[in-house]
$ cat entry-v6.txt   # compact mmCIF, C-alpha atoms and all ligand atoms
# COMPACT_ATOMS: atom_id res chain seq x y z
CA MET A 46 13.60 29.97 -26.75
CA SER A 47 13.37 26.38 -27.90
CA HIS A 48 14.33 23.36 -25.87
CA GLN A 49 16.03 20.24 -27.13
CA GLU A 50 14.94 16.71 -26.39
CA ILE A 51 16.41 15.66 -23.06
CA ALA A 52 19.81 14.03 -23.58
CA PRO A 53 21.60 13.13 -20.33
CA PRO A 54 25.35 12.52 -20.66
CA PRO A 55 26.42 8.86 -20.50
CA ARG A 56 27.34 8.11 -16.89
CA LEU A 57 28.52 5.13 -14.91
CA LEU A 58 26.97 5.74 -11.50
CA MET A 59 29.31 4.10 -8.97
CA GLY A 60 28.27 6.07 -5.91
CA PRO A 61 26.15 4.93 -2.96
CA GLY A 62 22.93 5.33 -5.00
CA PRO A 63 21.26 6.19 -7.22
CA ILE A 64 22.99 3.78 -9.58
CA SER A 65 22.60 3.35 -13.33
CA ALA A 66 19.27 1.59 -13.77
CA ASP A 67 19.14 -1.71 -15.61
CA PRO A 68 18.13 -0.90 -19.23
CA ARG A 69 15.33 -3.44 -18.93
CA VAL A 70 13.83 -1.44 -16.07
CA LEU A 71 13.99 1.74 -18.15
CA ARG A 72 12.31 -0.04 -21.04
CA ALA A 73 9.55 -1.31 -18.76
CA MET A 74 8.87 2.29 -17.73
CA ALA A 75 8.21 3.22 -21.34
CA ALA A 76 5.36 0.67 -21.60
CA PRO A 77 1.91 2.14 -22.35
CA LEU A 78 -0.35 3.22 -19.51
CA VAL A 79 -3.63 1.53 -18.62
CA GLY A 80 -6.49 2.80 -16.47
CA GLN A 81 -6.60 2.56 -12.69
CA PHE A 82 -8.99 -0.37 -12.57
CA ASP A 83 -8.08 -2.01 -15.86
CA PRO A 84 -7.82 -5.77 -15.30
CA PHE A 85 -4.22 -5.52 -16.52
CA MET A 86 -3.49 -2.96 -13.81
CA THR A 87 -4.90 -5.05 -10.99
CA THR A 88 -3.15 -8.16 -12.31
CA THR A 89 0.13 -6.28 -12.44
CA MET A 90 -0.34 -4.98 -8.90
CA ASN A 91 -0.95 -8.54 -7.69
CA GLU A 92 2.16 -9.75 -9.52
CA VAL A 93 4.18 -7.00 -7.88
CA MET A 94 2.92 -8.07 -4.45
CA GLY A 95 3.99 -11.64 -5.14
CA LEU A 96 7.40 -10.66 -6.49
CA TYR A 97 8.20 -8.49 -3.49
CA ARG A 98 7.20 -11.28 -1.10
CA THR A 99 10.09 -13.19 -2.62
CA VAL A 100 12.42 -10.18 -2.50
CA PHE A 101 11.62 -9.54 1.19
CA ASP A 102 11.56 -13.28 1.93
CA THR A 103 8.16 -13.13 3.57
CA ALA A 104 4.71 -14.66 3.53
CA ASN A 105 3.19 -11.29 4.49
CA GLU A 106 -0.02 -10.75 2.56
CA GLN A 107 0.52 -6.99 2.92
CA THR A 108 3.48 -6.50 0.61
CA PHE A 109 3.14 -3.70 -1.95
CA LEU A 110 4.51 -0.32 -3.04
CA VAL A 111 4.26 3.10 -1.48
CA ASP A 112 4.50 5.72 -4.22
CA GLY A 113 7.43 8.08 -3.68
CA THR A 114 11.12 7.63 -2.96
CA SER A 115 12.37 5.39 -0.17
CA ARG A 116 11.61 8.09 2.36
CA ALA A 117 7.93 7.76 1.49
CA GLY A 118 8.09 4.16 2.67
CA ILE A 119 9.80 5.22 5.90
CA GLU A 120 7.21 7.92 6.58
CA ALA A 121 4.29 5.62 5.77
CA ALA A 122 5.62 2.99 8.17
CA LEU A 123 6.32 5.38 11.02
CA VAL A 124 3.25 7.61 10.71
CA SER A 125 1.06 4.51 10.60
CA LEU A 126 2.74 2.72 13.53
CA VAL A 127 3.51 5.57 15.88
CA GLU A 128 0.83 7.37 17.90
CA PRO A 129 1.64 10.63 19.65
CA GLY A 130 3.32 9.90 22.97
CA ASP A 131 4.52 6.40 21.97
CA ARG A 132 8.09 5.61 22.86
CA VAL A 133 10.27 4.83 19.83
CA LEU A 134 13.83 3.55 20.17
CA VAL A 135 16.28 4.23 17.34
CA PRO A 136 19.75 2.69 17.32
CA VAL A 137 21.74 5.28 15.36
CA PHE A 138 24.90 4.22 13.52
CA GLY A 139 24.82 6.74 10.67
CA ARG A 140 22.87 9.47 8.95
CA PHE A 141 19.76 7.44 8.23
CA GLY A 142 19.34 6.53 11.88
CA HIS A 143 19.04 10.24 12.56
CA LEU A 144 16.42 10.44 9.80
CA LEU A 145 14.34 7.71 11.46
CA ALA A 146 14.56 9.56 14.77
CA GLU A 147 13.56 12.82 13.13
CA ILE A 148 10.54 11.31 11.38
CA ALA A 149 9.43 9.46 14.53
CA GLY A 150 9.65 12.80 16.36
CA ARG A 151 7.37 14.42 13.78
CA CYS A 152 4.87 11.61 14.43
CA GLY A 153 4.75 12.82 18.04
CA ALA A 154 6.83 9.98 19.44
CA GLU A 155 8.91 10.20 22.56
CA VAL A 156 12.14 9.33 20.73
CA HIS A 157 15.05 7.61 22.44
CA THR A 158 18.31 7.00 20.61
CA ILE A 159 21.41 4.99 21.33
CA GLU A 160 24.54 5.55 19.29
CA VAL A 161 27.77 3.88 18.31
CA PRO A 162 30.60 5.77 16.61
CA TRP A 163 30.32 5.94 12.79
CA GLY A 164 31.91 2.88 11.24
CA GLN A 165 30.55 0.45 13.84
CA VAL A 166 27.36 -1.55 14.43
CA PHE A 167 25.48 -2.51 17.62
CA ALA A 168 25.93 -5.74 19.55
CA PRO A 169 22.50 -7.32 20.15
CA GLU A 170 23.06 -7.03 23.93
CA ALA A 171 23.35 -3.25 23.64
CA ILE A 172 20.01 -3.12 21.85
CA GLU A 173 18.40 -5.45 24.38
CA ASP A 174 19.64 -3.32 27.29
CA ALA A 175 18.14 -0.24 25.65
CA VAL A 176 14.85 -2.04 24.98
CA ARG A 177 14.65 -2.99 28.68
CA ALA A 178 15.42 0.55 29.77
CA VAL A 179 13.14 2.41 27.33
CA ARG A 180 10.32 -0.15 26.88
CA PRO A 181 9.48 1.27 23.43
CA LYS A 182 6.43 0.44 21.35
CA VAL A 183 8.53 0.54 18.19
CA LEU A 184 12.20 -0.13 17.51
CA ALA A 185 13.18 1.61 14.27
CA CYS A 186 16.46 0.52 12.76
CA VAL A 187 18.34 0.87 9.50
CA GLN A 188 19.85 -2.32 8.12
CA GLY A 189 22.50 -0.83 5.85
CA ASP A 190 23.43 2.81 6.36
CA THR A 191 25.11 4.11 3.22
CA SER A 192 26.55 7.07 5.13
CA THR A 193 28.96 4.74 6.96
CA THR A 194 28.59 1.61 4.75
CA MET A 195 27.82 -0.46 7.87
CA CYS A 196 25.27 -3.30 7.87
CA GLN A 197 23.56 -3.89 11.23
CA PRO A 198 23.08 -7.62 11.94
CA LEU A 199 19.35 -8.06 12.52
CA ALA A 200 18.89 -11.80 13.06
CA GLU A 201 18.78 -11.47 16.86
CA ILE A 202 17.03 -8.11 17.08
CA GLY A 203 13.67 -9.46 15.98
CA ALA A 204 13.70 -12.10 18.73
CA ILE A 205 14.52 -9.40 21.30
CA CYS A 206 11.60 -7.32 20.04
CA ARG A 207 9.13 -10.24 20.21
CA GLU A 208 10.24 -11.09 23.74
CA HIS A 209 9.59 -7.52 24.88
CA ASP A 210 6.48 -7.02 22.73
CA VAL A 211 8.09 -4.31 20.60
CA LEU A 212 7.26 -3.71 16.94
CA LEU A 213 10.35 -3.79 14.72
CA TYR A 214 10.59 -1.45 11.75
CA CYS A 215 13.56 -1.71 9.39
CA ASP A 216 14.79 0.59 6.62
CA ALA A 217 16.43 -1.83 4.17
CA THR A 218 16.70 0.67 1.31
CA ALA A 219 20.42 0.44 0.79
CA SER A 220 20.87 -3.24 1.52
CA LEU A 221 17.88 -5.18 0.13
CA GLY A 222 18.80 -7.38 -2.83
CA GLY A 223 22.53 -7.11 -2.16
CA ASN A 224 22.76 -8.41 1.40
CA GLU A 225 20.87 -11.17 3.19
CA PHE A 226 17.46 -10.00 4.38
CA ARG A 227 14.84 -12.26 5.97
CA THR A 228 11.66 -10.50 7.00
CA ASP A 229 9.89 -13.47 8.56
CA ALA A 230 12.82 -15.46 9.89
CA TRP A 231 14.20 -12.36 11.60
CA GLY A 232 10.82 -11.25 12.96
CA ILE A 233 10.67 -7.88 11.24
CA ASP A 234 7.23 -6.23 11.41
CA ILE A 235 7.63 -3.62 8.70
CA ALA A 236 10.45 -3.30 6.19
CA THR A 237 10.73 -0.69 3.48
CA ALA A 238 13.12 -0.10 0.58
CA GLY A 239 13.64 1.82 -2.64
CA LEU A 240 14.66 0.83 -6.14
CA GLN A 241 17.79 2.92 -6.69
CA LYS A 242 20.27 0.81 -4.77
CA CYS A 243 20.68 -2.97 -5.18
CA LEU A 244 17.31 -3.33 -6.96
CA GLY A 245 18.73 -1.66 -10.04
CA GLY A 246 15.92 0.79 -10.76
CA PRO A 247 15.35 4.54 -10.51
CA SER A 248 14.22 6.20 -7.29
CA GLY A 249 10.49 6.81 -6.98
CA SER A 250 8.91 3.67 -5.56
CA ALA A 251 9.13 2.28 -2.03
CA PRO A 252 8.42 -1.45 -1.66
CA ILE A 253 7.03 -2.28 1.78
CA THR A 254 6.07 -5.43 3.68
CA ILE A 255 3.92 -5.51 6.83
CA SER A 256 3.50 -8.38 9.30
CA PRO A 257 0.04 -9.52 10.40
CA ARG A 258 0.53 -8.11 13.90
CA ALA A 259 1.51 -4.71 12.49
CA VAL A 260 -1.51 -4.84 10.17
CA GLU A 261 -3.69 -5.48 13.20
CA MET A 262 -2.21 -2.55 15.10
CA ILE A 263 -2.72 -0.21 12.15
CA GLY A 264 -6.28 -1.51 11.72
CA ALA A 265 -7.04 -0.67 15.37
CA ARG A 266 -6.18 2.98 14.68
CA ARG A 267 -8.57 2.87 11.77
CA HIS A 268 -11.39 1.84 14.13
CA VAL A 269 -10.65 4.85 16.31
CA GLU A 270 -11.01 7.06 13.26
CA ALA A 271 -14.33 5.47 12.32
CA GLY A 272 -15.56 5.92 15.91
CA LEU A 273 -14.69 9.61 15.82
CA ARG A 274 -17.33 10.29 13.24
CA GLU A 275 -19.96 8.88 15.59
CA ILE A 276 -19.09 10.43 18.95
CA PRO A 277 -20.28 14.02 19.47
CA GLY A 278 -17.61 16.56 20.65
CA GLY A 279 -15.72 16.54 23.95
CA GLU A 280 -12.36 15.67 25.47
CA ASP A 281 -12.48 11.99 24.61
CA VAL A 282 -12.80 12.88 20.97
CA ASP A 283 -9.66 15.00 21.14
CA ALA A 284 -7.77 12.16 22.81
CA ALA A 285 -9.02 9.73 20.19
CA ARG A 286 -8.22 12.16 17.40
CA GLY A 287 -4.58 12.07 18.50
CA ARG A 288 -4.59 8.39 17.60
CA VAL A 289 -5.76 8.83 14.03
CA ILE A 290 -3.05 8.41 11.41
CA ALA A 291 -1.98 11.97 10.67
CA SER A 292 -1.49 11.50 6.95
CA ASN A 293 -3.92 10.57 4.23
CA TYR A 294 -1.34 9.73 1.57
CA PHE A 295 0.77 7.60 3.93
CA ASP A 296 -2.12 6.03 5.88
CA LEU A 297 -1.17 2.40 5.38
CA ALA A 298 -4.68 1.25 6.31
CA MET A 299 -5.98 3.13 3.27
CA VAL A 300 -3.12 2.03 1.03
CA MET A 301 -3.76 -1.60 2.05
CA ASP A 302 -7.43 -1.20 1.11
CA TYR A 303 -6.31 0.10 -2.25
CA TRP A 304 -3.92 -2.79 -2.97
CA GLY A 305 -6.17 -5.40 -1.37
CA PRO A 306 -9.17 -7.18 -2.84
CA ARG A 307 -11.50 -4.27 -2.06
CA ARG A 308 -9.51 -1.94 -4.34
CA LEU A 309 -10.87 1.12 -2.56
CA ASN A 310 -9.80 4.17 -4.47
CA HIS A 311 -6.98 6.11 -2.83
CA HIS A 312 -4.17 7.67 -4.91
CA THR A 313 -3.67 7.03 -8.62
CA GLU A 314 -1.04 4.32 -8.61
CA ALA A 315 2.13 5.63 -10.32
CA THR A 316 1.85 3.27 -13.26
CA SER A 317 5.28 3.76 -14.84
CA MET A 318 6.92 3.28 -11.43
CA LEU A 319 4.78 0.18 -10.92
CA TYR A 320 6.25 -1.19 -14.13
CA ALA A 321 9.76 -0.24 -12.99
CA ALA A 322 9.28 -1.87 -9.59
CA ARG A 323 7.88 -4.98 -11.25
CA GLU A 324 10.84 -5.26 -13.62
CA SER A 325 13.41 -4.63 -10.84
CA ALA A 326 11.88 -7.42 -8.77
CA ARG A 327 11.34 -9.69 -11.76
CA LEU A 328 15.04 -9.45 -12.66
CA LEU A 329 16.06 -10.13 -9.07
CA VAL A 330 13.70 -13.07 -8.63
CA THR A 331 14.70 -14.53 -12.02
CA GLU A 332 18.37 -14.32 -11.05
CA GLY A 333 17.54 -15.67 -7.60
CA VAL A 334 17.77 -13.36 -4.58
CA ASP A 335 20.54 -15.45 -2.99
CA THR A 336 22.46 -15.44 -6.28
CA ALA A 337 22.13 -11.66 -6.48
CA VAL A 338 23.39 -11.32 -2.91
CA ALA A 339 26.38 -13.51 -3.83
CA ARG A 340 26.99 -11.36 -6.92
CA HIS A 341 27.05 -8.21 -4.79
CA GLU A 342 29.48 -9.92 -2.40
CA ARG A 343 31.82 -10.87 -5.25
CA HIS A 344 31.91 -7.49 -6.95
CA GLY A 345 31.96 -5.66 -3.62
CA ARG A 346 34.96 -7.75 -2.60
CA ALA A 347 36.69 -6.98 -5.92
CA MET A 348 36.14 -3.23 -5.37
CA LEU A 349 37.35 -3.48 -1.76
CA ASP A 350 40.52 -5.34 -2.72
CA GLY A 351 40.93 -3.07 -5.73
CA VAL A 352 40.99 0.19 -3.76
CA ARG A 353 43.36 -1.42 -1.26
CA GLY A 354 45.49 -2.48 -4.25
CA LEU A 355 45.77 1.22 -5.09
CA GLY A 356 47.20 1.75 -1.62
CA LEU A 357 44.04 3.41 -0.28
CA GLY A 358 42.64 2.87 3.20
CA VAL A 359 39.10 1.71 3.91
CA PHE A 360 36.94 3.25 6.63
CA GLY A 361 35.06 1.38 9.34
CA ASP A 362 34.62 -2.16 10.61
CA VAL A 363 35.02 -3.95 7.28
CA ALA A 364 33.69 -7.22 8.73
CA HIS A 365 30.31 -5.47 9.10
CA LYS A 366 30.36 -3.57 5.84
CA MET A 367 27.47 -3.84 3.37
CA SER A 368 28.69 -5.83 0.40
CA ASN A 369 27.58 -3.17 -2.07
CA VAL A 370 29.41 -0.02 -0.95
CA VAL A 371 32.86 0.85 0.36
CA ALA A 372 34.06 4.02 2.11
CA VAL A 373 37.50 4.84 0.76
CA GLU A 374 39.78 7.12 2.77
CA ILE A 375 40.77 10.20 0.79
CA PRO A 376 44.60 10.32 0.71
CA GLU A 377 45.96 13.16 2.83
CA ALA A 378 48.29 14.13 -0.01
CA LEU A 379 45.24 15.47 -1.86
CA GLY A 380 44.68 18.26 0.66
CA ALA A 381 41.40 19.81 1.73
CA ALA A 382 39.71 20.30 -1.66
CA GLY A 383 41.38 17.28 -3.30
CA GLY A 384 38.57 14.83 -2.64
CA ASP A 385 36.07 16.83 -4.64
CA ALA A 386 38.64 17.54 -7.36
CA VAL A 387 39.20 13.81 -7.87
CA ARG A 388 35.47 13.20 -8.07
CA GLY A 389 35.20 16.05 -10.58
CA SER A 390 37.91 14.60 -12.81
CA LEU A 391 36.36 11.14 -12.68
CA LEU A 392 33.09 12.63 -13.86
CA ASP A 393 34.54 15.01 -16.48
CA ASP A 394 37.15 12.71 -17.99
CA PHE A 395 35.60 9.27 -17.54
CA GLY A 396 31.87 9.85 -17.01
CA ILE A 397 32.10 7.99 -13.69
CA GLU A 398 30.35 9.20 -10.56
CA ILE A 399 31.50 8.20 -7.08
CA GLY A 400 30.01 9.52 -3.86
CA THR A 401 31.04 12.18 -1.40
CA SER A 402 30.09 11.82 2.28
CA PHE A 403 28.24 13.50 5.11
CA GLY A 404 28.66 14.64 8.68
CA PRO A 405 31.75 13.40 10.48
CA LEU A 406 33.04 11.72 7.31
CA HIS A 407 32.71 14.77 5.07
CA GLY A 408 36.00 15.40 3.27
CA LYS A 409 37.45 12.19 4.72
CA VAL A 410 36.04 9.39 2.53
CA TRP A 411 34.59 8.73 -0.89
CA ARG A 412 31.85 6.16 -1.14
CA ILE A 413 32.03 3.77 -4.05
CA GLY A 414 29.10 1.49 -4.77
CA THR A 415 28.85 -1.76 -6.72
CA MET A 416 25.14 -2.33 -6.71
CA GLY A 417 22.24 -3.45 -8.80
CA PHE A 418 23.02 -3.30 -12.50
CA ASN A 419 26.51 -1.97 -11.70
CA ALA A 420 27.54 -4.93 -9.55
CA ARG A 421 29.46 -6.06 -12.63
CA LYS A 422 33.04 -6.92 -13.44
CA ASP A 423 33.50 -4.38 -16.23
CA ALA A 424 32.03 -1.59 -14.07
CA VAL A 425 34.39 -2.47 -11.21
CA LEU A 426 37.52 -2.73 -13.38
CA THR A 427 36.73 0.43 -15.36
CA THR A 428 36.20 2.40 -12.14
CA LEU A 429 39.45 1.17 -10.61
CA ALA A 430 41.42 1.89 -13.80
CA ALA A 431 39.98 5.39 -14.03
CA LEU A 432 40.54 6.10 -10.33
CA GLU A 433 44.19 5.14 -10.70
CA GLN A 434 44.67 7.58 -13.57
CA VAL A 435 42.87 10.41 -11.83
CA LEU A 436 44.75 9.94 -8.56
CA ARG A 437 48.07 10.02 -10.39
CA ALA A 438 47.03 13.12 -12.32
CA HIS A 439 46.25 14.75 -8.96
CA GLY A 440 49.74 13.93 -7.66
CA VAL A 441 49.03 10.83 -5.59
CA ALA A 442 51.60 8.05 -6.00
CA VAL A 443 49.64 4.88 -6.74
CA PRO A 444 50.94 1.43 -7.72
CA PRO A 445 50.57 1.08 -11.51
CA GLY A 446 47.78 -1.37 -12.27
CA GLY A 447 47.48 -2.16 -8.56
CA GLY A 448 43.71 -1.71 -8.35
CA VAL A 449 42.73 -3.70 -11.42
CA ALA A 450 45.20 -6.46 -10.58
CA ALA A 451 43.85 -6.89 -7.04
CA ALA A 452 40.29 -7.00 -8.34
CA GLN A 453 41.24 -9.50 -11.03
CA GLU A 454 42.56 -11.78 -8.33
CA VAL A 455 39.09 -11.88 -6.80
CA TYR A 456 37.67 -12.78 -10.21
CA ALA A 457 40.36 -15.39 -10.98
C1 LIG B 501 19.62 5.77 0.07
C2 LIG B 501 18.85 5.57 1.31
C3 LIG B 501 17.59 6.15 1.46
C4 LIG B 501 17.10 7.03 0.37
O1 LIG B 501 15.88 7.61 0.54
P1 LIG B 501 15.24 8.35 -0.75
O2 LIG B 501 13.99 8.92 -0.25
O3 LIG B 501 15.03 7.32 -1.81
O4 LIG B 501 16.25 9.36 -1.17
C5 LIG B 501 16.89 5.87 2.63
N1 LIG B 501 17.40 5.08 3.58
C6 LIG B 501 18.63 4.51 3.46
C7 LIG B 501 19.16 3.63 4.52
C8 LIG B 501 19.38 4.76 2.32
O5 LIG B 501 20.59 4.22 2.17
$ encode --input "entry-v6.txt" --output "structure tokens" --more "lines below"
Ligand SMILES: *Cc1c(COP(=O)(O)O)cnc(C)c1O
Amino acid sequence: MSHQEIAPPPRLLMGPGPISADPRVLRAMAAPLVGQFDPFMTTTMNEVMGLYRTVFDTANEQTFLVDGTSRAGIEAALVSLVEPGDRVLVPVFGRFGHLLAEIAGRCGAEVHTIEVPWGQVFAPEAIEDAVRAVRPKVLACVQGDTSTTMCQPLAEIGAICREHDVLLYCDATASLGGNEFRTDAWGIDIATAGLQKCLGGPSGSAPITISPRAVEMIGARRHVEAGLREIPGGEDVDAARGRVIASNYFDLAMVMDYWGPRRLNHHTEATSMLYAARESARLLVTEGVDTAVARHERHGRAMLDGVRGLGLGVFGDVAHKMSNVVAVEIPEALGAAGGDAVRGSLLDDFGIEIGTSFGPLHGKVWRIGTMGFNARKDAVLTTLAALEQVLRAHGVAVPPGGGVAAAQEVYA
């Protein structure tokens, strides 16, 4: 049996991520490899650190990449911050909040969650009340949860955490680059992301930034580990051993030593992903992060008005929606299997992918993204035009041209 060269079908990825990568990012990935300690490699790693400081809006020295998808960044942050028995508070407003709680639990945390119904965000007072009641070491919060499209305001949460001496971790995977994000001004201790949303790259690299006080805390665990090698057996050793970071790959102390001036060998940096992450950030920084956020707002608004122009409802508290994704209510006329049938026709007939949904929203909404390279007028208009045709073909009465016209008004 012989295999052909890989030839993916042309697709316009308009779901909640992954999105179609910017061709310049794909080209960067095809650049030749260099050795681990080649001067070009170390220069490129330093450039990447600088670029992501701008992307995260931070002065944090410790700003680099964790190799792996966004989840690798989440795990690295939590396994390095959380010691067994620590209290971790997770405000859950969608699927990824549950993921943070699950990972914190695996780190041995005593996990406390507070919840709002899907489609809403937390008022800062609700988070402060929970912080007072739980007195956590770490507050772990998603900024933008693609499962509900909501974007949790964070500006006041950091101040609450400082006041109560709580470390603030934030998963900004879905939102970074398309919504305002200020690591330092908002007092965020660790933030992580991925490339496949607003950064316009493929999945497989997790940018991370770490505040000096979080670095110090992680460093203290490292000293415990060093001490372990010196103390002979006994109960104290077992207690201390519980404090050692329970992962080698995701031990941020080791990863920091690898990216830092000492360049202590750890993993083999994923060179092609390093190039991708560099190009994603370079494009964003060249455009201007604030300009990119404004671009996501404009095209997100056009998509929002466009789906409404087709007579479709939009799920959730739209005032707190991420700019780069919208949850569109599946018309009841389509019946139980109709939502998937529409997505199937969009893919088969137009090569356009939109997203399904999870948990309480399964079968109720589609999720349509306008992010990264696809936060573009032609991508928005083409998607709306195709959706109109497919809905009509599936028996839904939609206003002719209503979606494109409403979007064009935003662009006018
Ligand atoms: C998309 C998304 C992820 C994705 O994680 P991967 O490991 O890259 O699949 C994580 N967190 C949030 C909030 C997301 O929206």
$ axis_aligned_box --input "entry-v6.txt" --around "ligand LIG 501 (chain B)" --padding-each-side "8 Å" --output "JSON"
{"center_x": 17.3, "center_y": 6.5, "center_z": 1.4, "size_x": 22.6, "size_y": 21.7, "size_z": 22.3}
$ closest_residue --input "entry-v6.txt" --among "A:Met74, A:Ala298, A:Ala117, A:Ala175" --to "Gly246 (chain A)" --atoms "all atoms listed in the file"
A:Met74
$ atom_distance --input "entry-v6.txt" --atom1 "CA of Ser390 (chain A)" --atom2 "CA of Ala451 (chain A)"
23.0 Å
$ atom_distance --input "entry-v6.txt" --atom1 "CA of Leu426 (chain A)" --atom2 "CA of Cys196 (chain A)"
24.5 Å
$ closest_atom_pairs --input "entry-v6.txt" --of "chain A" --to "ligand LIG 501 (chain B)" --cutoff "10 Å" --atoms "only C-alpha atoms and all ligand atoms" --output "JSON lines"
{"residue": "A:Pro61", "atom": "CA", "partner": "B:LIG501", "partner_atom": "C1", "distance": 7.2}
{"residue": "A:Gly62", "atom": "CA", "partner": "B:LIG501", "partner_atom": "C1", "distance": 6.1}
{"residue": "A:Pro63", "atom": "CA", "partner": "B:LIG501", "partner_atom": "C1", "distance": 7.5}
{"residue": "A:Gly113", "atom": "CA", "partner": "B:LIG501", "partner_atom": "O2", "distance": 7.5}
{"residue": "A:Thr114", "atom": "CA", "partner": "B:LIG501", "partner_atom": "O3", "distance": 4.1}
{"residue": "A:Ser115", "atom": "CA", "partner": "B:LIG501", "partner_atom": "O3", "distance": 3.7}
{"residue": "A:Arg116", "atom": "CA", "partner": "B:LIG501", "partner_atom": "O2", "distance": 3.6}
{"residue": "A:Ala117", "atom": "CA", "partner": "B:LIG501", "partner_atom": "O2", "distance": 6.4}
{"residue": "A:Gly118", "atom": "CA", "partner": "B:LIG501", "partner_atom": "O2", "distance": 8.1}
{"residue": "A:Ile119", "atom": "CA", "partner": "B:LIG501", "partner_atom": "C5", "distance": 7.8}
{"residue": "A:Glu120", "atom": "CA", "partner": "B:LIG501", "partner_atom": "O2", "distance": 9.7}
{"residue": "A:Gly139", "atom": "CA", "partner": "B:LIG501", "partner_atom": "C7", "distance": 8.9}
{"residue": "A:Arg140", "atom": "CA", "partner": "B:LIG501", "partner_atom": "C7", "distance": 8.2}
{"residue": "A:Phe141", "atom": "CA", "partner": "B:LIG501", "partner_atom": "C7", "distance": 5.4}
{"residue": "A:Gly142", "atom": "CA", "partner": "B:LIG501", "partner_atom": "C7", "distance": 7.9}
{"residue": "A:Leu144", "atom": "CA", "partner": "B:LIG501", "partner_atom": "N1", "distance": 8.3}
{"residue": "A:Leu145", "atom": "CA", "partner": "B:LIG501", "partner_atom": "N1", "distance": 8.9}
{"residue": "A:Cys186", "atom": "CA", "partner": "B:LIG501", "partner_atom": "C7", "distance": 9.2}
{"residue": "A:Val187", "atom": "CA", "partner": "B:LIG501", "partner_atom": "C7", "distance": 5.8}
{"residue": "A:Gln188", "atom": "CA", "partner": "B:LIG501", "partner_atom": "C7", "distance": 7.0}
{"residue": "A:Gly189", "atom": "CA", "partner": "B:LIG501", "partner_atom": "C7", "distance": 5.7}
{"residue": "A:Asp190", "atom": "CA", "partner": "B:LIG501", "partner_atom": "C7", "distance": 4.7}
{"residue": "A:Thr191", "atom": "CA", "partner": "B:LIG501", "partner_atom": "O5", "distance": 4.6}
{"residue": "A:Ser192", "atom": "CA", "partner": "B:LIG501", "partner_atom": "O5", "distance": 7.2}
{"residue": "A:Thr193", "atom": "CA", "partner": "B:LIG501", "partner_atom": "O5", "distance": 9.7}
{"residue": "A:Thr194", "atom": "CA", "partner": "B:LIG501", "partner_atom": "O5", "distance": 8.8}
{"residue": "A:Cys196", "atom": "CA", "partner": "B:LIG501", "partner_atom": "C7", "distance": 9.8}
{"residue": "A:Cys215", "atom": "CA", "partner": "B:LIG501", "partner_atom": "C7", "distance": 9.1}
{"residue": "A:Asp216", "atom": "CA", "partner": "B:LIG501", "partner_atom": "C7", "distance": 5.7}
{"residue": "A:Ala217", "atom": "CA", "partner": "B:LIG501", "partner_atom": "C7", "distance": 6.1}
{"residue": "A:Thr218", "atom": "CA", "partner": "B:LIG501", "partner_atom": "C6", "distance": 4.8}
{"residue": "A:Ala219", "atom": "CA", "partner": "B:LIG501", "partner_atom": "O5", "distance": 4.0}
{"residue": "A:Ser220", "atom": "CA", "partner": "B:LIG501", "partner_atom": "O5", "distance": 7.5}
{"residue": "A:Leu221", "atom": "CA", "partner": "B:LIG501", "partner_atom": "C7", "distance": 9.9}
{"residue": "A:Thr237", "atom": "CA", "partner": "B:LIG501", "partner_atom": "N1", "distance": 8.8}
{"residue": "A:Ala238", "atom": "CA", "partner": "B:LIG501", "partner_atom": "C5", "distance": 7.4}
{"residue": "A:Gly239", "atom": "CA", "partner": "B:LIG501", "partner_atom": "O3", "distance": 5.7}
{"residue": "A:Leu240", "atom": "CA", "partner": "B:LIG501", "partner_atom": "O3", "distance": 7.8}
{"residue": "A:Gln241", "atom": "CA", "partner": "B:LIG501", "partner_atom": "O3", "distance": 7.1}
{"residue": "A:Lys242", "atom": "CA", "partner": "B:LIG501", "partner_atom": "C1", "distance": 7.0}
{"residue": "A:Pro247", "atom": "CA", "partner": "B:LIG501", "partner_atom": "O3", "distance": 9.1}
{"residue": "A:Ser248", "atom": "CA", "partner": "B:LIG501", "partner_atom": "O3", "distance": 5.7}
{"residue": "A:Gly249", "atom": "CA", "partner": "B:LIG501", "partner_atom": "O3", "distance": 6.9}
{"residue": "A:Ser250", "atom": "CA", "partner": "B:LIG501", "partner_atom": "O3", "distance": 8.1}
{"residue": "A:Ala251", "atom": "CA", "partner": "B:LIG501", "partner_atom": "O3", "distance": 7.8}
$ atom_distance --input "entry-v6.txt" --atom1 "CA of Asp335 (chain A)" --atom2 "CA of Glu225 (chain A)"
7.5 Å
$ residues_around --input "entry-v6.txt" --residues "Arg258 (chain A)" --least-positions-apart "3" --cutoff "10 Å" --atoms "only C-alpha atoms" --output "list in words"
Leu212, Asp234, Ile235, Ile255, Glu261, Met262, Ile263 and Gly264 of chain A
$ write_last_selection --input "entry-v6.txt" --atoms "C-alpha atoms" --output "mmCIF file, keeping the file's coordinate frame"
data_model
loop_
_atom_site.group_PDB
_atom_site.id
_atom_site.type_symbol
_atom_site.label_atom_id
_atom_site.label_comp_id
_atom_site.auth_asym_id
_atom_site.auth_seq_id
_atom_site.Cartn_x
_atom_site.Cartn_y
_atom_site.Cartn_z
ATOM 1 C CA LEU A 212 7.260 -3.710 16.940
ATOM 2 C CA ASP A 234 7.230 -6.230 11.410
ATOM 3 C CA ILE A 235 7.630 -3.620 8.700
ATOM 4 C CA ILE A 255 3.920 -5.510 6.830
ATOM 5 C CA GLU A 261 -3.690 -5.480 13.200
ATOM 6 C CA MET A 262 -2.210 -2.550 15.100
ATOM 7 C CA ILE A 263 -2.720 -0.210 12.150
ATOM 8 C CA GLY A 264 -6.280 -1.510 11.720
#
